[in-house]
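Data from upload_14.cif: mmCIF, C-alpha atoms
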data_run
#
loop_
_atom_site.label_atom_id
_atom_site.label_comp_id
_atom_site.auth_asym_id
_atom_site.auth_seq_id
_atom_site.Cartn_x
_atom_site.Cartn_y
_atom_site.Cartn_z
CA MET A 16 -51.48 174.06 140.72
CA THR A 17 -48.76 176.31 139.37
CA ALA A 18 -48.63 179.95 140.36
CA ARG A 19 -49.59 180.92 136.80
CA ARG A 20 -52.59 178.58 136.77
CA ALA A 21 -53.61 179.77 140.20
CA GLY A 22 -53.37 183.33 139.01
CA LEU A 23 -55.49 182.62 135.94
CA ALA A 24 -58.04 180.81 138.09
CA THR A 25 -58.25 183.84 140.35
CA ILE A 26 -58.66 186.15 137.38
CA ALA A 27 -61.35 183.89 135.95
CA SER A 28 -63.29 183.77 139.19
CA LEU A 29 -63.05 187.55 139.54
CA CYS A 30 -64.32 187.94 135.98
CA VAL A 31 -67.27 185.67 136.70
CA LEU A 32 -68.03 187.81 139.72
CA ALA A 33 -67.71 191.00 137.71
CA LEU A 34 -69.83 189.75 134.83
CA SER A 35 -72.51 188.28 137.06
CA GLY A 36 -73.93 191.70 137.66
CA VAL A 37 -73.00 191.87 141.31
CA GLY A 38 -73.19 195.56 142.12
CA ILE A 39 -70.55 197.60 143.81
CA ARG A 40 -72.71 198.04 146.85
CA ALA A 41 -73.16 194.29 147.29
CA GLN A 42 -69.42 193.84 147.22
CA LEU A 43 -68.92 196.10 150.19
CA GLN A 44 -69.40 192.92 152.12
CA VAL A 45 -68.19 189.46 151.26
CA PRO A 46 -70.28 186.41 150.36
CA ASP A 47 -70.85 183.99 153.19
CA PHE A 48 -69.63 180.40 152.83
CA LYS A 49 -69.37 177.19 154.80
CA SER A 50 -66.15 176.53 156.64
CA ASN A 51 -64.61 173.22 157.65
CA ARG A 52 -61.85 174.81 159.65
CA PRO A 53 -62.29 174.41 163.40
CA THR A 54 -62.61 177.23 165.90
CA PRO A 55 -59.13 178.37 166.98
CA ARG A 56 -58.64 178.33 170.72
CA MET A 57 -56.55 180.09 173.31
CA ALA A 58 -54.13 178.19 175.56
CA ASN A 59 -56.88 178.27 178.22
CA GLY A 60 -59.21 176.40 175.87
CA LYS A 61 -61.54 179.32 175.17
CA PRO A 62 -62.35 180.32 171.58
CA ASP A 63 -59.97 182.89 170.14
CA PHE A 64 -61.91 185.68 168.41
CA SER A 65 -58.78 187.39 167.08
CA GLY A 66 -58.94 188.35 163.42
CA TYR A 67 -60.05 190.95 160.88
CA TRP A 68 -63.80 190.59 160.38
CA LYS A 69 -65.89 191.61 157.37
CA GLY A 70 -69.65 191.74 156.98
CA THR A 71 -71.60 189.34 154.78
CA THR A 72 -73.84 190.11 151.84
CA ASP A 73 -76.93 188.74 153.56
CA THR A 74 -76.71 191.39 156.27
CA LYS A 75 -79.52 193.64 155.04
CA PRO A 76 -80.21 196.38 155.67
CA VAL A 77 -76.75 197.26 156.92
CA GLY A 78 -76.69 200.09 159.42
CA ASN A 79 -80.27 199.59 160.59
CA ILE A 80 -80.57 198.33 164.17
CA GLY A 81 -84.09 197.08 163.37
CA LYS A 82 -82.69 194.63 160.80
CA ASP A 83 -84.20 191.57 162.49
CA LEU A 84 -87.60 193.10 163.28
CA PRO A 85 -90.66 192.79 161.00
CA GLY A 86 -90.63 195.75 158.63
CA TRP A 87 -87.59 197.01 160.55
CA LYS A 88 -90.10 198.59 162.92
CA LEU A 89 -88.54 199.51 166.25
CA PRO A 90 -90.76 199.39 169.37
CA LEU A 91 -90.36 203.06 170.22
CA THR A 92 -91.98 204.63 173.26
CA PRO A 93 -93.46 208.14 172.82
CA ALA A 94 -90.20 209.50 174.24
CA GLY A 95 -88.32 207.35 171.75
CA GLU A 96 -90.44 208.67 168.87
CA ALA A 97 -89.65 212.22 169.97
CA ALA A 98 -85.95 211.38 170.22
CA LEU A 99 -85.99 209.88 166.72
CA LYS A 100 -87.69 212.98 165.34
CA HIS A 101 -85.07 215.11 167.06
CA ASN A 102 -82.24 213.04 165.58
CA LEU A 103 -83.73 213.23 162.09
CA THR A 104 -84.47 216.93 162.12
CA ALA A 105 -82.00 218.56 164.48
CA THR A 106 -78.81 216.49 164.69
CA ILE A 107 -75.90 215.79 162.37
CA ASP A 108 -74.62 212.22 162.31
CA PRO A 109 -72.24 212.19 165.30
CA GLU A 110 -69.90 209.78 163.55
CA SER A 111 -69.49 212.22 160.66
CA LEU A 112 -68.41 214.81 163.24
CA CYS A 113 -65.74 212.38 164.42
CA ILE A 114 -67.62 211.39 167.57
CA ILE A 115 -67.30 207.74 168.56
CA GLY A 116 -70.18 205.61 167.29
CA GLY A 117 -70.16 203.34 170.33
CA ILE A 118 -72.15 200.19 170.94
CA PRO A 119 -74.46 198.92 169.52
CA ARG A 120 -73.84 201.14 166.47
CA HIS A 121 -70.49 199.54 165.64
CA ASN A 122 -72.13 196.11 165.57
CA ALA A 123 -74.54 197.35 162.89
CA SER A 124 -71.89 199.16 160.85
CA GLY A 125 -70.87 198.16 157.35
CA LEU A 126 -67.24 198.62 158.29
CA PRO A 127 -64.93 195.72 159.12
CA PHE A 128 -63.28 195.54 162.53
CA GLU A 129 -60.41 193.71 164.14
CA VAL A 130 -60.23 191.73 167.38
CA LEU A 131 -57.16 191.06 169.49
CA GLN A 132 -57.75 188.73 172.42
CA GLY A 133 -55.85 187.95 175.60
CA ASN A 134 -56.79 185.71 178.49
CA ASN A 135 -58.19 188.52 180.62
CA LYS A 136 -59.00 191.25 178.11
CA ILE A 137 -60.31 191.52 174.59
CA ALA A 138 -59.82 194.51 172.28
CA PHE A 139 -62.10 195.52 169.41
CA LEU A 140 -60.36 197.84 166.94
CA TYR A 141 -62.47 199.92 164.58
CA TRP A 142 -61.94 202.09 161.54
CA TYR A 143 -61.77 205.78 162.56
CA SER A 144 -59.02 204.67 164.99
CA TYR A 145 -61.50 203.84 167.76
CA PHE A 146 -61.19 200.89 170.09
CA ARG A 147 -62.83 199.29 173.08
CA LEU A 148 -61.00 197.24 175.64
CA ILE A 149 -63.11 194.85 177.67
CA PRO A 150 -62.07 192.96 180.80
CA ILE A 151 -62.97 189.27 180.91
CA ASP A 152 -63.59 188.66 184.57
CA PRO A 153 -66.70 186.97 186.04
CA ASN A 154 -66.10 188.63 189.39
CA ARG A 155 -66.30 192.23 188.20
CA LYS A 156 -69.54 194.05 188.86
CA HIS A 157 -70.96 197.18 187.30
CA SER A 158 -70.29 200.46 189.08
CA ASP A 159 -73.15 202.08 190.97
CA ASP A 160 -72.97 205.22 188.82
CA PRO A 161 -70.55 204.77 185.91
CA ASP A 162 -69.41 207.83 184.00
CA PRO A 163 -71.41 207.90 180.76
CA SER A 164 -69.42 206.86 177.69
CA PHE A 165 -70.07 205.89 174.09
CA PHE A 166 -69.18 202.24 174.55
CA GLY A 167 -70.53 202.13 178.09
CA GLU A 168 -69.07 200.29 181.04
CA GLU A 169 -68.37 196.89 179.50
CA LEU A 170 -67.84 193.68 181.45
CA GLY A 171 -66.91 190.41 179.82
CA ARG A 172 -67.43 186.87 181.04
CA TRP A 173 -67.50 183.38 179.54
CA GLU A 174 -70.60 181.21 179.38
CA GLY A 175 -69.14 178.03 177.89
CA ASP A 176 -67.76 179.04 174.50
CA THR A 177 -69.80 182.24 174.42
CA LEU A 178 -68.23 185.54 175.41
CA VAL A 179 -70.88 187.70 177.07
CA ILE A 180 -70.30 191.46 177.18
CA ASP A 181 -72.70 193.30 179.47
CA SER A 182 -72.72 197.08 179.16
CA ILE A 183 -74.42 200.00 180.93
CA GLY A 184 -73.49 203.65 181.52
CA PHE A 185 -74.07 205.11 178.06
CA LYS A 186 -74.25 208.69 176.91
CA GLU A 187 -77.59 210.17 175.86
CA GLU A 188 -76.38 213.13 173.80
CA LYS A 189 -74.55 213.01 170.46
CA VAL A 190 -75.39 209.37 169.89
CA TRP A 191 -77.25 207.55 167.18
CA ILE A 192 -77.88 203.86 167.86
CA ASP A 193 -77.37 203.12 164.16
CA GLU A 194 -76.70 204.85 160.86
CA ASN A 195 -80.40 205.57 160.30
CA ALA A 196 -80.41 208.00 163.24
CA ASN A 197 -82.45 205.80 165.57
CA PRO A 198 -82.03 206.91 169.18
CA HIS A 199 -80.92 205.45 172.50
CA SER A 200 -81.05 206.95 175.94
CA ASP A 201 -78.77 206.82 178.96
CA ALA A 202 -80.92 203.92 180.22
CA LEU A 203 -79.47 201.70 177.51
CA HIS A 204 -78.37 198.21 178.57
CA VAL A 205 -76.64 196.06 175.96
CA VAL A 206 -75.83 192.36 176.27
CA GLU A 207 -73.66 190.98 173.47
CA ARG A 208 -73.20 187.22 173.09
CA TRP A 209 -70.20 186.50 170.85
CA THR A 210 -69.38 183.10 169.37
CA ARG A 211 -66.91 181.79 166.80
CA PRO A 212 -68.54 178.64 165.40
CA ASP A 213 -65.59 177.90 163.10
CA ALA A 214 -62.35 179.52 162.03
CA ASP A 215 -63.99 181.69 159.37
CA HIS A 216 -67.01 183.15 161.17
CA ILE A 217 -67.75 185.30 164.16
CA HIS A 218 -71.31 185.92 165.33
CA VAL A 219 -73.05 188.17 167.81
CA ASP A 220 -76.53 188.34 169.24
CA THR A 221 -76.95 191.86 170.62
CA LEU A 222 -79.77 192.35 173.12
CA ILE A 223 -80.85 195.98 173.39
CA GLU A 224 -82.84 197.13 176.41
CA ASP A 225 -83.77 200.77 176.78
CA PRO A 226 -87.01 201.26 178.71
CA LYS A 227 -86.95 205.03 178.15
CA PHE A 228 -87.01 204.81 174.36
CA TYR A 229 -88.18 201.24 173.60
CA THR A 230 -91.26 199.43 174.89
CA LYS A 231 -89.50 196.06 174.95
CA PRO A 232 -86.04 194.59 174.43
CA PHE A 233 -85.06 193.50 170.95
CA THR A 234 -82.13 191.66 169.40
CA TYR A 235 -79.79 192.45 166.55
CA SER A 236 -77.86 189.43 165.21
CA ARG A 237 -74.97 189.46 162.81
CA THR A 238 -72.27 187.22 161.33
CA TRP A 239 -68.95 188.36 159.88
CA VAL A 240 -66.36 186.37 157.92
CA LEU A 241 -62.61 186.31 158.44
CA GLY A 242 -60.56 188.66 156.27
CA LYS A 243 -57.34 187.82 154.53
CA PRO A 244 -54.20 187.47 156.67
CA ASP A 245 -52.79 190.75 155.38
CA GLU A 246 -55.94 192.77 156.01
CA GLU A 247 -55.95 194.96 159.08
CA ILE A 248 -57.23 198.26 160.42
CA GLN A 249 -55.32 201.25 159.06
CA GLU A 250 -54.82 204.77 160.41
CA TYR A 251 -57.87 206.94 159.84
CA ALA A 252 -57.64 210.40 161.40
CA CYS A 253 -61.28 211.45 161.27
CA SER A 254 -60.71 215.04 162.40
CA GLU A 255 -57.72 215.71 160.16
CA ASN A 256 -59.64 217.64 157.49
CA ASN A 257 -63.36 217.30 158.05
CA VAL A 258 -64.37 219.88 155.45
CA ASP A 259 -67.71 218.15 154.93
CA ALA A 260 -68.88 218.87 158.47
CA ALA A 261 -69.90 222.39 157.45
CA HIS A 262 -72.07 221.05 154.64
CA LEU A 263 -73.91 218.21 156.35
CA GLY A 264 -77.63 218.42 156.90
CA PHE A 265 -79.61 216.98 159.79
CA GLY A 266 -80.33 213.27 159.84
CA PRO A 267 -79.20 210.65 157.36
CA GLY A 268 -81.47 211.83 154.53
CA PRO A 269 -84.23 209.68 153.04
CA ILE A 270 -84.70 206.09 154.22
CA ARG A 271 -85.75 203.73 151.41
CA PRO A 272 -88.59 201.19 151.81
CA ASP A 273 -85.96 198.45 152.21
CA GLY A 274 -84.61 200.13 155.34
CA THR A 275 -81.44 201.51 153.73
CA ARG A 276 -80.34 205.12 153.41
CA GLY A 277 -80.44 207.04 150.15
CA TYR A 278 -82.56 208.33 147.31
CA ILE A 279 -84.82 205.96 145.41
CA ASP A 280 -84.41 207.52 141.99
CA PRO A 281 -81.18 209.54 141.68
CA ALA A 282 -80.45 211.51 138.54
CA PRO A 283 -77.95 209.75 136.26
CA LEU A 284 -74.45 211.12 135.98
CA PRO A 285 -73.40 212.63 132.65
CA PRO A 286 -72.22 209.88 130.28
CA PRO A 287 -68.55 208.98 130.63
CA LEU A 288 -66.17 210.68 128.26
CA PRO A 289 -64.99 208.50 125.38
CA ARG A 290 -61.73 206.79 126.21
CA LYS A 291 -58.63 208.23 124.51
CA MET B 11 -55.62 189.80 128.54
CA LYS B 12 -55.53 193.57 128.88
CA ARG B 13 -59.32 193.67 128.91
CA MET B 14 -59.42 190.90 131.48
CA LEU B 15 -57.06 192.85 133.70
CA LEU B 16 -59.30 195.89 133.37
CA VAL B 17 -62.24 193.81 134.57
CA VAL B 18 -60.17 192.49 137.46
CA ALA B 19 -59.16 196.03 138.31
CA ALA B 20 -62.80 197.05 138.33
CA VAL B 21 -63.66 194.22 140.71
CA ALA B 22 -60.75 195.07 142.97
CA LEU B 23 -61.88 198.67 142.93
CA ALA B 24 -65.38 197.71 143.94
CA ALA B 25 -64.19 195.42 146.71
CA ALA B 26 -62.00 198.16 148.10
CA ARG B 27 -64.87 200.56 148.65
CA LEU B 28 -65.05 200.26 152.37
CA LEU B 29 -65.41 203.48 154.21
CA ALA B 30 -68.52 205.60 154.54
CA HIS B 31 -68.00 208.56 156.76
CA HIS B 32 -71.56 209.82 156.45
CA SER B 33 -74.71 209.21 154.47
CA PHE B 34 -74.53 210.54 150.91
CA ALA B 35 -77.99 212.06 151.33
CA ALA B 36 -76.92 214.04 154.40
CA GLU B 37 -74.66 216.18 152.21
CA PHE B 38 -75.52 215.80 148.53
CA ASP B 39 -78.58 216.15 146.33
CA ALA B 40 -79.12 213.14 144.07
CA SER B 41 -81.26 215.24 141.72
CA LYS B 42 -78.34 217.57 140.99
CA ALA B 43 -76.02 215.48 138.83
CA ILE B 44 -73.36 217.72 137.35
CA ARG B 45 -70.11 217.70 135.41
CA VAL B 46 -67.32 220.05 136.45
CA THR B 47 -64.35 220.48 134.13
CA GLY B 48 -61.56 222.60 135.51
CA THR B 49 -57.92 223.20 136.29
CA LEU B 50 -56.54 221.54 139.39
CA THR B 51 -55.34 224.16 141.88
CA LYS B 52 -54.99 222.27 145.20
CA VAL B 53 -55.05 218.74 146.59
CA GLU B 54 -55.72 217.68 150.19
CA TRP B 55 -54.96 213.94 150.41
CA THR B 56 -56.47 213.65 153.88
CA ASN B 57 -58.96 211.81 156.06
CA PRO B 58 -61.86 211.45 156.32
CA HIS B 59 -62.09 212.45 152.65
CA ILE B 60 -59.66 213.71 150.07
CA TYR B 61 -60.48 217.09 148.57
CA PHE B 62 -59.23 218.60 145.38
CA TYR B 63 -60.06 222.03 144.02
CA LEU B 64 -60.81 222.99 140.45
CA ASP B 65 -61.00 226.39 138.79
CA ALA B 66 -63.83 226.07 136.28
CA LYS B 67 -65.68 228.57 134.11
CA ASP B 68 -69.35 229.09 134.77
CA GLU B 69 -71.98 229.74 132.11
CA GLN B 70 -70.97 233.42 131.99
CA GLY B 71 -67.32 232.55 131.52
CA LYS B 72 -66.36 233.61 135.02
CA VAL B 73 -63.85 231.37 136.80
CA VAL B 74 -65.21 229.85 140.01
CA GLN B 75 -63.64 227.41 142.42
CA TRP B 76 -65.19 223.99 142.99
CA THR B 77 -64.40 221.75 145.92
CA CYS B 78 -64.44 218.07 144.98
CA GLU B 79 -64.97 215.49 147.74
CA SER B 80 -63.95 211.87 147.34
CA ALA B 81 -63.45 208.85 149.56
CA ALA B 82 -60.67 208.39 152.12
CA PRO B 83 -57.04 208.10 151.00
CA GLY B 84 -56.80 204.43 152.00
CA ALA B 85 -59.87 203.44 150.01
CA LEU B 86 -58.75 205.39 146.95
CA SER B 87 -55.22 204.00 147.09
CA ARG B 88 -56.57 200.47 147.14
CA ARG B 89 -58.52 201.30 143.98
CA GLY B 90 -55.32 202.43 142.30
CA PHE B 91 -56.15 206.14 142.60
CA LYS B 92 -53.02 207.67 144.10
CA ARG B 93 -52.03 211.13 145.26
CA GLY B 94 -49.58 211.33 142.37
CA ASP B 95 -52.42 210.99 139.86
CA LEU B 96 -53.49 214.55 140.67
CA LYS B 97 -51.04 217.10 139.29
CA LEU B 98 -51.57 220.83 139.74
CA GLY B 99 -52.45 222.52 136.48
CA ASP B 100 -54.03 219.42 134.97
CA THR B 101 -57.52 219.55 133.51
CA ILE B 102 -59.78 217.20 135.47
CA VAL B 103 -63.36 216.19 134.69
CA VAL B 104 -65.57 215.38 137.66
CA ASP B 105 -69.02 213.82 137.39
CA GLY B 106 -70.97 213.84 140.60
CA TYR B 107 -73.67 215.43 142.70
CA ARG B 108 -73.81 218.93 144.12
CA ALA B 109 -74.10 219.71 147.82
CA LYS B 110 -77.64 220.17 149.12
CA ASN B 111 -76.74 223.56 150.60
CA GLY B 112 -75.90 224.96 147.17
CA ALA B 113 -72.17 225.34 147.81
CA ASN B 114 -69.73 224.78 144.94
CA LEU B 115 -69.03 221.37 146.43
CA VAL B 116 -69.40 218.16 144.44
CA ASP B 117 -69.33 214.52 145.42
CA ALA B 118 -66.76 213.35 142.89
CA ARG B 119 -68.14 209.92 142.10
CA ARG B 120 -66.43 209.67 138.71
CA VAL B 121 -63.09 211.37 138.04
CA THR B 122 -61.59 211.50 134.55
CA LEU B 123 -57.86 212.19 134.53
CA PRO B 124 -55.98 213.94 131.69
CA ASP B 125 -54.81 210.64 130.25
CA GLY B 126 -58.41 209.47 129.93
CA ARG B 127 -58.26 207.15 132.90
CA ILE B 128 -61.55 207.05 134.79
CA VAL B 129 -61.45 206.42 138.53
CA SER B 130 -64.22 205.96 141.03
CA GLY B 131 -64.14 208.61 143.71
CA GLY B 132 -67.31 207.98 145.68
CA SER B 133 -67.47 206.82 149.28
CA ALA B 134 -68.64 203.26 149.66
CA GLY B 135 -71.63 202.31 151.73
CA ASP B 136 -72.90 205.88 151.89
CA GLY B 137 -76.18 205.07 150.14
CA GLY B 138 -75.25 207.22 147.16
CA PRO B 139 -75.89 206.38 143.51
CA GLN B 140 -73.67 203.55 142.26
#
What does this structure look like when you write it as structure tokens?
Amino acid sequence: MTARRAGLATIASLCVLALSGVGIRAQLQVPDFKSNRPTPRMANGKPDFSGYWKGTTDTKPVGNIGKDLPGWKLPLTPAGEAALKHNLTATIDPESLCIIGGIPRHNASGLPFEVLQGNNKIAFLYWYSYFRLIPIDPNRKHSDDPDPSFFGEELGRWEGDTLVIDSIGFKEEKVWIDENANPHSDALHVVERWTRPDADHIHVDTLIEDPKFYTKPFTYSRTWVLGKPDEEIQEYACSENNVDAAHLGFGPGPIRPDGTRGYIDPAPLPPPLPRK
Amino acid sequence: MKRMLLVVAAVALAAARLLAHHSFAAEFDASKAIRVTGTLTKVEWTNPHIYFYLDAKDEQGKVVQWTCESAAPGALSRRGFKRGDLKLGDTIVVDGYRAKNGANLVDARRVTLPDGRIVSGGSAGDGGPQ
């Protein structure tokens, strides 16, 4: 195929996409597809998770940690219910105040992320210029009393081709577990099981245990697709000019029946001006 | 061909809407859709949002300043909306939603430049009207 024909084919496919009525919101994430490219591997034979990863359109509702639960209903304890009410009515989204989202929130985010992997460490790079660096060492044990942090004390180990990240030692204040303001406590224990079934997909099953705020453990699962070779995380200085912080209300605002954030029936904008 | 390129540009614009710094509904009132037409007095091409400031006349003819919030510089640049598109002294038309707290702050979801070009200014994934 010549470059011109390839270009026209690209334009045509983009037009089909545009004319098919796919909304802007749906295109925040990319369509999933089957891949016949094998899982890339490190020199040590383990899967290589390195790449720029983008969410898929079937991840709904994005930003809701209860995505995989019936009716998105989280098994909150009474203390968890009180914490949720507090988050909704008395806290501003910590991420909008440039506080690290942490785990598991970043796994539920609509934002892409990037992974760089070595033999003994793996780095997850996030928009907002945040990162987490996880040792891969089956012999490391959790500390008796780790300093609380937003990503927790994270330990990585291999179980076959699955990278398991076990995390404890989380903060309890200034954290939302997702973008809908659901809570977690300092008793949070997260076990992520990461796989790369082929070259174009990465998947995680995130087990969330928090006996203070949730009556039972639950799982959040998610698949991302590989970005283009030239896509990568860019600088994003969250605190550079956070004018909006002074205008933000408590909580995320209304939650729609489909588990997403926002108003059901917004007023229409004034009609566009006629083009010159 | 020109029309086709416009469609392609629109798709590229949509695909580039990546960053949501906060929920739309945490800051703006979706029942308060407004149009602000004013003279550009200042531009802050910064993260986590760009801001530009318009002097606009109110219903009594008094000039008031409006703060216009848009997406992050990276997201806007990928849509083809560049810092150089905003020139001090220009008349800009902003269609968007007013802040819930009543401030003269608008979520600039649609920006019409002096040459008639319309650019999307909203933050993606924020749950706001599309």
Written as an NGL selection string, what is the full residue list that the PyMOL selection byres ((chain A and resi 133) around 10) yields on the file shown?
:A and (57-58 or 63-65 or 131-132 or 134-138 or 150-151)
Evaluate the PyMOL selection byres ((chain A and resi 142) around 7) against this structure - the residues, as an mmCIF file with C-alpha atoms, in the coordinates of the input, please.
data_model
loop_
_atom_site.group_PDB
_atom_site.id
_atom_site.type_symbol
_atom_site.label_atom_id
_atom_site.label_comp_id
_atom_site.auth_asym_id
_atom_site.auth_seq_id
_atom_site.Cartn_x
_atom_site.Cartn_y
_atom_site.Cartn_z
ATOM 1 C CA PHE A 128 -63.280 195.540 162.530
ATOM 2 C CA TYR A 141 -62.470 199.920 164.580
ATOM 3 C CA TYR A 143 -61.770 205.780 162.560
ATOM 4 C CA SER A 144 -59.020 204.670 164.990
ATOM 5 C CA TYR A 145 -61.500 203.840 167.760
ATOM 6 C CA ILE A 248 -57.230 198.260 160.420
ATOM 7 C CA TYR A 251 -57.870 206.940 159.840
#
Please work out which residues fall within 12 Å of (-70.6, 212.3, 167.7), coordinates as given in the file, with all atoms listed in the file counting, and return them as a PyMOL selection string.
(chain A and resi 102+106-117+120+164-165+186-194+196+253-254+260) or (chain B and resi 31-32)
Expansion of the PyMOL selection byres ((chain B and resi 45) around 6) into residues, as an mmCIF file with C-alpha atoms, keeping the file's coordinate frame:
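Listed below is the output, selection-v3.cif:
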data_model
loop_
_atom_site.group_PDB
_atom_site.id
_atom_site.type_symbol
_atom_site.label_atom_id
_atom_site.label_comp_id
_atom_site.auth_asym_id
_atom_site.auth_seq_id
_atom_site.Cartn_x
_atom_site.Cartn_y
_atom_site.Cartn_z
ATOM 1 C CA ILE B 44 -73.360 217.720 137.350
ATOM 2 C CA VAL B 46 -67.320 220.050 136.450
ATOM 3 C CA VAL B 104 -65.570 215.380 137.660
ATOM 4 C CA ASP B 105 -69.020 213.820 137.390
#
With distances taken over all atoms listed in the file, which residue among A:Ile279, A:Leu99, A:Ala105, A:Ala252 lies nearest chain B?
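Of the candidates, the smallest distance to chain B is held by A:Ala252.
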As a short mmCIF file (atom, residue, chain, number, x, y, z; two decimals) with C-alpha atoms, in the coordinates of the input, please: the residues near segment 225-236 of chain A (cut-off 10 Å, all atoms listed in the file, same-chain neighbours under 2 positions excluded).
data_model
loop_
_atom_site.label_atom_id
_atom_site.label_comp_id
_atom_site.auth_asym_id
_atom_site.auth_seq_id
_atom_site.Cartn_x
_atom_site.Cartn_y
_atom_site.Cartn_z
CA THR A 74 -76.71 191.39 156.27
CA ASN A 79 -80.27 199.59 160.59
CA ILE A 80 -80.57 198.33 164.17
CA GLY A 81 -84.09 197.08 163.37
CA LYS A 82 -82.69 194.63 160.80
CA ASP A 83 -84.20 191.57 162.49
CA LEU A 84 -87.60 193.10 163.28
CA LEU A 89 -88.54 199.51 166.25
CA PRO A 90 -90.76 199.39 169.37
CA LEU A 91 -90.36 203.06 170.22
CA THR A 92 -91.98 204.63 173.26
CA PRO A 93 -93.46 208.14 172.82
CA ALA A 94 -90.20 209.50 174.24
CA GLY A 95 -88.32 207.35 171.75
CA GLU A 96 -90.44 208.67 168.87
CA ALA A 97 -89.65 212.22 169.97
CA ALA A 98 -85.95 211.38 170.22
CA LEU A 99 -85.99 209.88 166.72
CA PRO A 119 -74.46 198.92 169.52
CA ASN A 122 -72.13 196.11 165.57
CA ALA A 123 -74.54 197.35 162.89
CA ASN A 197 -82.45 205.80 165.57
CA PRO A 198 -82.03 206.91 169.18
CA HIS A 199 -80.92 205.45 172.50
CA SER A 200 -81.05 206.95 175.94
CA ASP A 201 -78.77 206.82 178.96
CA ALA A 202 -80.92 203.92 180.22
CA LEU A 203 -79.47 201.70 177.51
CA HIS A 204 -78.37 198.21 178.57
CA VAL A 205 -76.64 196.06 175.96
CA VAL A 206 -75.83 192.36 176.27
CA GLU A 207 -73.66 190.98 173.47
CA ARG A 208 -73.20 187.22 173.09
CA TRP A 209 -70.20 186.50 170.85
CA HIS A 218 -71.31 185.92 165.33
CA VAL A 219 -73.05 188.17 167.81
CA ASP A 220 -76.53 188.34 169.24
CA THR A 221 -76.95 191.86 170.62
CA LEU A 222 -79.77 192.35 173.12
CA ILE A 223 -80.85 195.98 173.39
CA THR A 238 -72.27 187.22 161.33
#
So how many Å separate atom CA of Asp65 of chain B and atom CA of Ala134 of chain B, to one decimal?
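Taking atom CA of Asp65 of chain B and atom CA of Ala134 of chain B, their separation equals 26.7 Å.
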Write out as JSON, numbers by chain which residues come within 6 Å of Trp68 of chain A when counting only C-alpha atoms, dropping same-chain ones fewer than 3 positions away.
{"A": [127, 128, 129, 239, 240, 241, 242]}
Just give me the gap between atom CA of Asn59 of chain A and atom CA of Asp245 of chain A in Å, one decimal is fine.
26.3 Å
Enclose segment 72-76 of chain A, meaning all of its atoms listed in the file, in a box aligned along x, y and z, pad it by 4 Å on each side, and list the centre and edge lengths in Å to one decimal, as JSON.
{"center_x": -77.0, "center_y": 192.6, "center_z": 154.1, "size_x": 14.4, "size_y": 15.6, "size_z": 12.4}
Atom CA of Thr210 of chain A to atom CA of Asn154 of chain A: how many Å, to one decimal?
21.0 Å
Option closest in space to chain B, from A:Lys156, A:Lys49, A:Lys291, A:Arg211 [counting only C-alpha atoms]
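Closest to chain B, using only C-alpha atoms: A:Lys291.
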Which residues are near Gly48 of chain B? Cut-off 6 Å, all atoms listed in the file, ignore same chain within fewer than 3 positions. Put them as a count of residues only.
5
Can you tell me, as a ChimeraX atom specification, what residues are no more than 12 Å from Thr47 of chain B when counting only C-alpha atoms, ignoring any on the same chain fewer than 3 positions away?
/A:288 /B:44,50,63-68,73-78,100-106,116,118,120-124
Anything within 8 Å of (-71.9, 212.5, 144.9): list those residues as an MDAnalysis selection string, counting only C-alpha atoms and sticking to the file's coordinates.
chainID B and resid 34 38:40 43 106:108 116:119 132 138:139
Which is closest to Ala282 of chain A among B:Gln140, B:Asn114, B:Gln70, B:Ser41, if we use only C-alpha atoms?
B:Ser41
Spatial neighbours of Thr104 of chain A, 6 Å, all atoms listed in the file, chain gap at least 2 places, as a list in words:
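Returned residues: His101, Asn102, Phe265 and Gly266 of chain A.
Comparing the minimum interatomic distances between chain B and each of A:Leu284, A:Ile217, A:Val45, A:Val130, counting only C-alpha atoms, we find that A:Leu284 sits nearest.
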Counting all atoms listed in the file, figure out which residue out of A:Ala214, A:Ile118, A:Leu178, A:Leu126 gets nearest to chain B.
A:Leu126
